[in-house]
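For reference, the structure discussed in these notes is given below.
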Amino acid sequence: MKFTYIGICVKDMEESIRFYTEVIGMKFLGRQKVATTKGETAGLQSPGSELILELNYYREGSPYATPYEPGEGLDHMGFKVDNVKVAFEELRGKGAEVAIAPFNEMGAPLAFVRDPNGIWIELYQ
């Protein structure tokens with residue numbers, strides 16, 4: 001088996017696509033409606049990465065629609081950056097919500113921001 005993607009539920013597809021493309025810098029791969037689930041998906045990918053982030057939105061009446069809980073068990077997603085402080089300030093300047101400002105954990109710099117759905121995003125180097 002090979003891990004290839006992670007799917008997350010989002011509250012607003014447009015806002016989430018904008019966040020991950022304009023704020024995080026991911027490439028938009030495409031979007032499609034899924035009649036069976038009464039929802040839609042969108043794919044995004046970071047430059048140089050094989051992993052794909054799948055955004056999932058389910059309309060009211062979908063068998064998959066549940067009251068939204070940030071992450072629904074997902075703790076956080078990690079993004080490797082060249083410089084945590086620089087990346088953190090850049091994301092904050094683009095409107096990312098601050099979760100935890102840069103700090104050192106066992107000598108390694110880390111920081112956390114939140115996406116529009118409340119999901120934590122870790123920046124590490």
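Letters A, B, ... mark the chains of the structure tokens in the order given; residue numbers begin at 1 per chain; ligand numbers begin at 1, in order shown.
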
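Near A:Ile100, within a cut-off of 8 Å and counting only C-alpha atoms, sit the residues Ala111, Phe112 and Val113 of chain A, with same-chain residues fewer than 6 positions away left out.
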
Residues from last step as file, N, CA and C atoms, as a PDB file, in the first residue's frame:
```pdb
ATOM      1  N   ALA A 111       5.088  26.121  14.087  1.00  0.00           N
ATOM      2  CA  ALA A 111       4.016  27.106  14.221  1.00  0.00           C
ATOM      3  C   ALA A 111       2.746  26.463  13.683  1.00  0.00           C
ATOM      4  N   PHE A 112       1.601  27.000  14.091  1.00  0.00           N
ATOM      5  CA  PHE A 112       0.321  26.468  13.630  1.00  0.00           C
ATOM      6  C   PHE A 112      -0.605  27.597  13.220  1.00  0.00           C
ATOM      7  N   VAL A 113      -1.304  27.413  12.090  1.00  0.00           N
ATOM      8  CA  VAL A 113      -2.384  28.293  11.663  1.00  0.00           C
ATOM      9  C   VAL A 113      -3.618  27.406  11.470  1.00  0.00           C
TER      10      VAL A 113
END
```

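For A:Trp120, the residues within 12 Å (counting only C-alpha atoms, excluding itself and residues fewer than 2 positions away along the chain) are Ile8, Pro70, Gly71, Glu72, Gly73, Leu74, Asp75, His76, Met77, Gly78, Phe79, Ala96, Glu97, Val98, Ala99, Ile100, Ala111, Phe112, Val113, Arg114, Asp115, Pro116, Asn117, Gly118, Glu122 and Leu123 of chain A.
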
Shortest interatomic distance to A:Glu90 - which of A:Leu44, A:Met106, A:Ile17, A:Ile24, counting only C-alpha atoms: A:Ile24

Residue list (strand (DSSP E), DSSP) for stretch 23-88 of chain A, as JSON, numbers by chain: {"A": [27, 28, 29, 30, 31, 32, 33, 34, 39, 40, 41, 42, 43, 44, 45, 52, 53, 54, 55, 56, 57, 58, 76, 77, 78, 79, 80]}

Store the residues of this selection in a file with N, CA and C atoms, as a JSON list (two decimals), in the first residue's frame.
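Wrote selection31.json, looks like this:
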```json
[["chain", "number", "residue", "atom", "x", "y", "z"],
["A", 27, "LYS", "N", -1.56, 23.91, -5.70],
["A", 27, "LYS", "CA", -2.06, 23.95, -7.07],
["A", 27, "LYS", "C", -3.44, 23.29, -7.10],
["A", 28, "PHE", "N", -4.40, 23.95, -7.74],
["A", 28, "PHE", "CA", -5.75, 23.43, -7.90],
["A", 28, "PHE", "C", -5.73, 22.41, -9.04],
["A", 29, "LEU", "N", -6.14, 21.17, -8.75],
["A", 29, "LEU", "CA", -6.10, 20.10, -9.75],
["A", 29, "LEU", "C", -7.43, 19.89, -10.46],
["A", 30, "GLY", "N", -8.52, 20.26, -9.81],
["A", 30, "GLY", "CA", -9.83, 20.06, -10.42],
["A", 30, "GLY", "C", -10.90, 19.89, -9.37],
["A", 31, "ARG", "N", -12.13, 19.89, -9.89],
["A", 31, "ARG", "CA", -13.31, 19.86, -9.01],
["A", 31, "ARG", "C", -14.40, 19.10, -9.73],
["A", 32, "GLN", "N", -15.16, 18.30, -8.97],
["A", 32, "GLN", "CA", -16.27, 17.58, -9.61],
["A", 32, "GLN", "C", -17.39, 17.33, -8.63],
["A", 33, "LYS", "N", -18.61, 17.29, -9.17],
["A", 33, "LYS", "CA", -19.78, 16.94, -8.37],
["A", 33, "LYS", "C", -19.88, 15.42, -8.32],
["A", 34, "VAL", "N", -20.36, 14.90, -7.19],
["A", 34, "VAL", "CA", -20.52, 13.46, -7.01],
["A", 34, "VAL", "C", -21.99, 13.21, -6.68],
["A", 39, "GLY", "N", -22.67, 15.59, -3.17],
["A", 39, "GLY", "CA", -21.59, 16.47, -2.76],
["A", 39, "GLY", "C", -20.67, 16.80, -3.91],
["A", 40, "GLU", "N", -19.52, 17.32, -3.57],
["A", 40, "GLU", "CA", -18.50, 17.57, -4.57],
["A", 40, "GLU", "C", -17.12, 17.47, -3.94],
["A", 41, "THR", "N", -16.13, 17.24, -4.78],
["A", 41, "THR", "CA", -14.76, 17.15, -4.32],
["A", 41, "THR", "C", -13.89, 18.09, -5.13],
["A", 42, "ALA", "N", -12.76, 18.48, -4.56],
["A", 42, "ALA", "CA", -11.76, 19.28, -5.26],
["A", 42, "ALA", "C", -10.40, 18.73, -4.83],
["A", 43, "GLY", "N", -9.46, 18.68, -5.77],
["A", 43, "GLY", "CA", -8.13, 18.19, -5.48],
["A", 43, "GLY", "C", -7.11, 19.32, -5.53],
["A", 44, "LEU", "N", -6.15, 19.27, -4.59],
["A", 44, "LEU", "CA", -5.07, 20.26, -4.54],
["A", 44, "LEU", "C", -3.77, 19.53, -4.25],
["A", 45, "GLN", "N", -2.66, 20.16, -4.66],
["A", 45, "GLN", "CA", -1.35, 19.53, -4.46],
["A", 45, "GLN", "C", -0.28, 20.60, -4.26],
["A", 52, "ILE", "N", -1.95, 14.36, -2.36],
["A", 52, "ILE", "CA", -3.06, 15.21, -2.78],
["A", 52, "ILE", "C", -3.96, 15.48, -1.59],
["A", 53, "LEU", "N", -4.43, 16.71, -1.48],
["A", 53, "LEU", "CA", -5.44, 17.09, -0.49],
["A", 53, "LEU", "C", -6.77, 17.12, -1.22],
["A", 54, "GLU", "N", -7.72, 16.31, -0.75],
["A", 54, "GLU", "CA", -9.04, 16.28, -1.34],
["A", 54, "GLU", "C", -10.01, 17.00, -0.41],
["A", 55, "LEU", "N", -10.65, 18.04, -0.92],
["A", 55, "LEU", "CA", -11.66, 18.76, -0.17],
["A", 55, "LEU", "C", -13.01, 18.14, -0.49],
["A", 56, "ASN", "N", -13.80, 17.87, 0.53],
["A", 56, "ASN", "CA", -15.11, 17.25, 0.34],
["A", 56, "ASN", "C", -16.20, 18.13, 0.95],
["A", 57, "TYR", "N", -17.20, 18.43, 0.12],
["A", 57, "TYR", "CA", -18.34, 19.22, 0.59],
["A", 57, "TYR", "C", -19.60, 18.41, 0.31],
["A", 58, "TYR", "N", -20.45, 18.25, 1.34],
["A", 58, "TYR", "CA", -21.69, 17.50, 1.20],
["A", 58, "TYR", "C", -22.88, 18.42, 1.47],
["A", 76, "HIS", "N", -4.14, 17.41, 12.76],
["A", 76, "HIS", "CA", -3.58, 18.51, 11.98],
["A", 76, "HIS", "C", -2.92, 17.97, 10.72],
["A", 77, "MET", "N", -2.58, 18.90, 9.81],
["A", 77, "MET", "CA", -1.82, 18.56, 8.60],
["A", 77, "MET", "C", -0.48, 19.29, 8.69],
["A", 78, "GLY", "N", 0.59, 18.65, 8.25],
["A", 78, "GLY", "CA", 1.91, 19.25, 8.33],
["A", 78, "GLY", "C", 2.43, 19.69, 6.97],
["A", 79, "PHE", "N", 2.99, 20.88, 6.93],
["A", 79, "PHE", "CA", 3.61, 21.42, 5.73],
["A", 79, "PHE", "C", 5.06, 21.78, 6.04],
["A", 80, "LYS", "N", 6.00, 21.18, 5.32],
["A", 80, "LYS", "CA", 7.41, 21.46, 5.49],
["A", 80, "LYS", "C", 7.73, 22.78, 4.79]]
```

Atom-to-atom span, atom CA of A:Lys94 and atom CA of A:Glu22, Å: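 These atoms are spaced 8.0 Å apart.
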
Stretch 8-123 of chain A: residues DSSP assigns to helix (DSSP H, G or I), reported as a list of chain:residue names: A:Met13, A:Glu14, A:Glu15, A:Ser16, A:Ile17, A:Arg18, A:Phe19, A:Tyr20, A:Thr21, A:Glu22, A:Val23, A:Ala35, A:Thr36, A:Thr37, A:Val84, A:Lys85, A:Val86, A:Ala87, A:Phe88, A:Glu89, A:Glu90, A:Leu91, A:Arg92, A:Gly93

Prev. selection, C-alpha atoms, output as a PDB file, in the first residue's frame:
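Saved the output as again-v3.pdb:
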```
ATOM      1  CA  MET A  13     -15.822  24.823  -1.005  1.00  0.00           C
ATOM      2  CA  GLU A  14     -15.045  28.223  -2.561  1.00  0.00           C
ATOM      3  CA  GLU A  15     -13.487  29.611   0.620  1.00  0.00           C
ATOM      4  CA  SER A  16     -11.453  26.446   1.174  1.00  0.00           C
ATOM      5  CA  ILE A  17     -10.116  26.336  -2.408  1.00  0.00           C
ATOM      6  CA  ARG A  18      -9.144  30.004  -2.119  1.00  0.00           C
ATOM      7  CA  PHE A  19      -7.360  29.398   1.201  1.00  0.00           C
ATOM      8  CA  TYR A  20      -5.351  26.404   0.020  1.00  0.00           C
ATOM      9  CA  THR A  21      -4.396  27.988  -3.329  1.00  0.00           C
ATOM     10  CA  GLU A  22      -3.898  31.673  -2.448  1.00  0.00           C
ATOM     11  CA  VAL A  23      -2.765  31.422   1.183  1.00  0.00           C
ATOM     12  CA  ALA A  35     -24.191  12.586  -7.525  1.00  0.00           C
ATOM     13  CA  THR A  36     -24.075   9.488  -5.315  1.00  0.00           C
ATOM     14  CA  THR A  37     -22.999  11.470  -2.238  1.00  0.00           C
ATOM     15  CA  VAL A  84       8.924  28.642   9.923  1.00  0.00           C
ATOM     16  CA  LYS A  85       8.950  32.290  11.038  1.00  0.00           C
ATOM     17  CA  VAL A  86       8.968  33.626   7.476  1.00  0.00           C
ATOM     18  CA  ALA A  87       6.244  31.203   6.314  1.00  0.00           C
ATOM     19  CA  PHE A  88       4.117  31.933   9.396  1.00  0.00           C
ATOM     20  CA  GLU A  89       4.274  35.707   8.826  1.00  0.00           C
ATOM     21  CA  GLU A  90       3.516  35.258   5.130  1.00  0.00           C
ATOM     22  CA  LEU A  91       0.427  33.135   5.857  1.00  0.00           C
ATOM     23  CA  ARG A  92      -0.722  35.490   8.617  1.00  0.00           C
ATOM     24  CA  GLY A  93      -0.345  38.398   6.213  1.00  0.00           C
TER      25      GLY A  93
END
```

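Note that atom CA of A:Pro102 and atom CA of A:Ile119 are 17.4 Å apart.
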
Between atom CA of A:Gly7 and atom CA of A:Gln125, distance in Å (one decimal): 23.9 Å
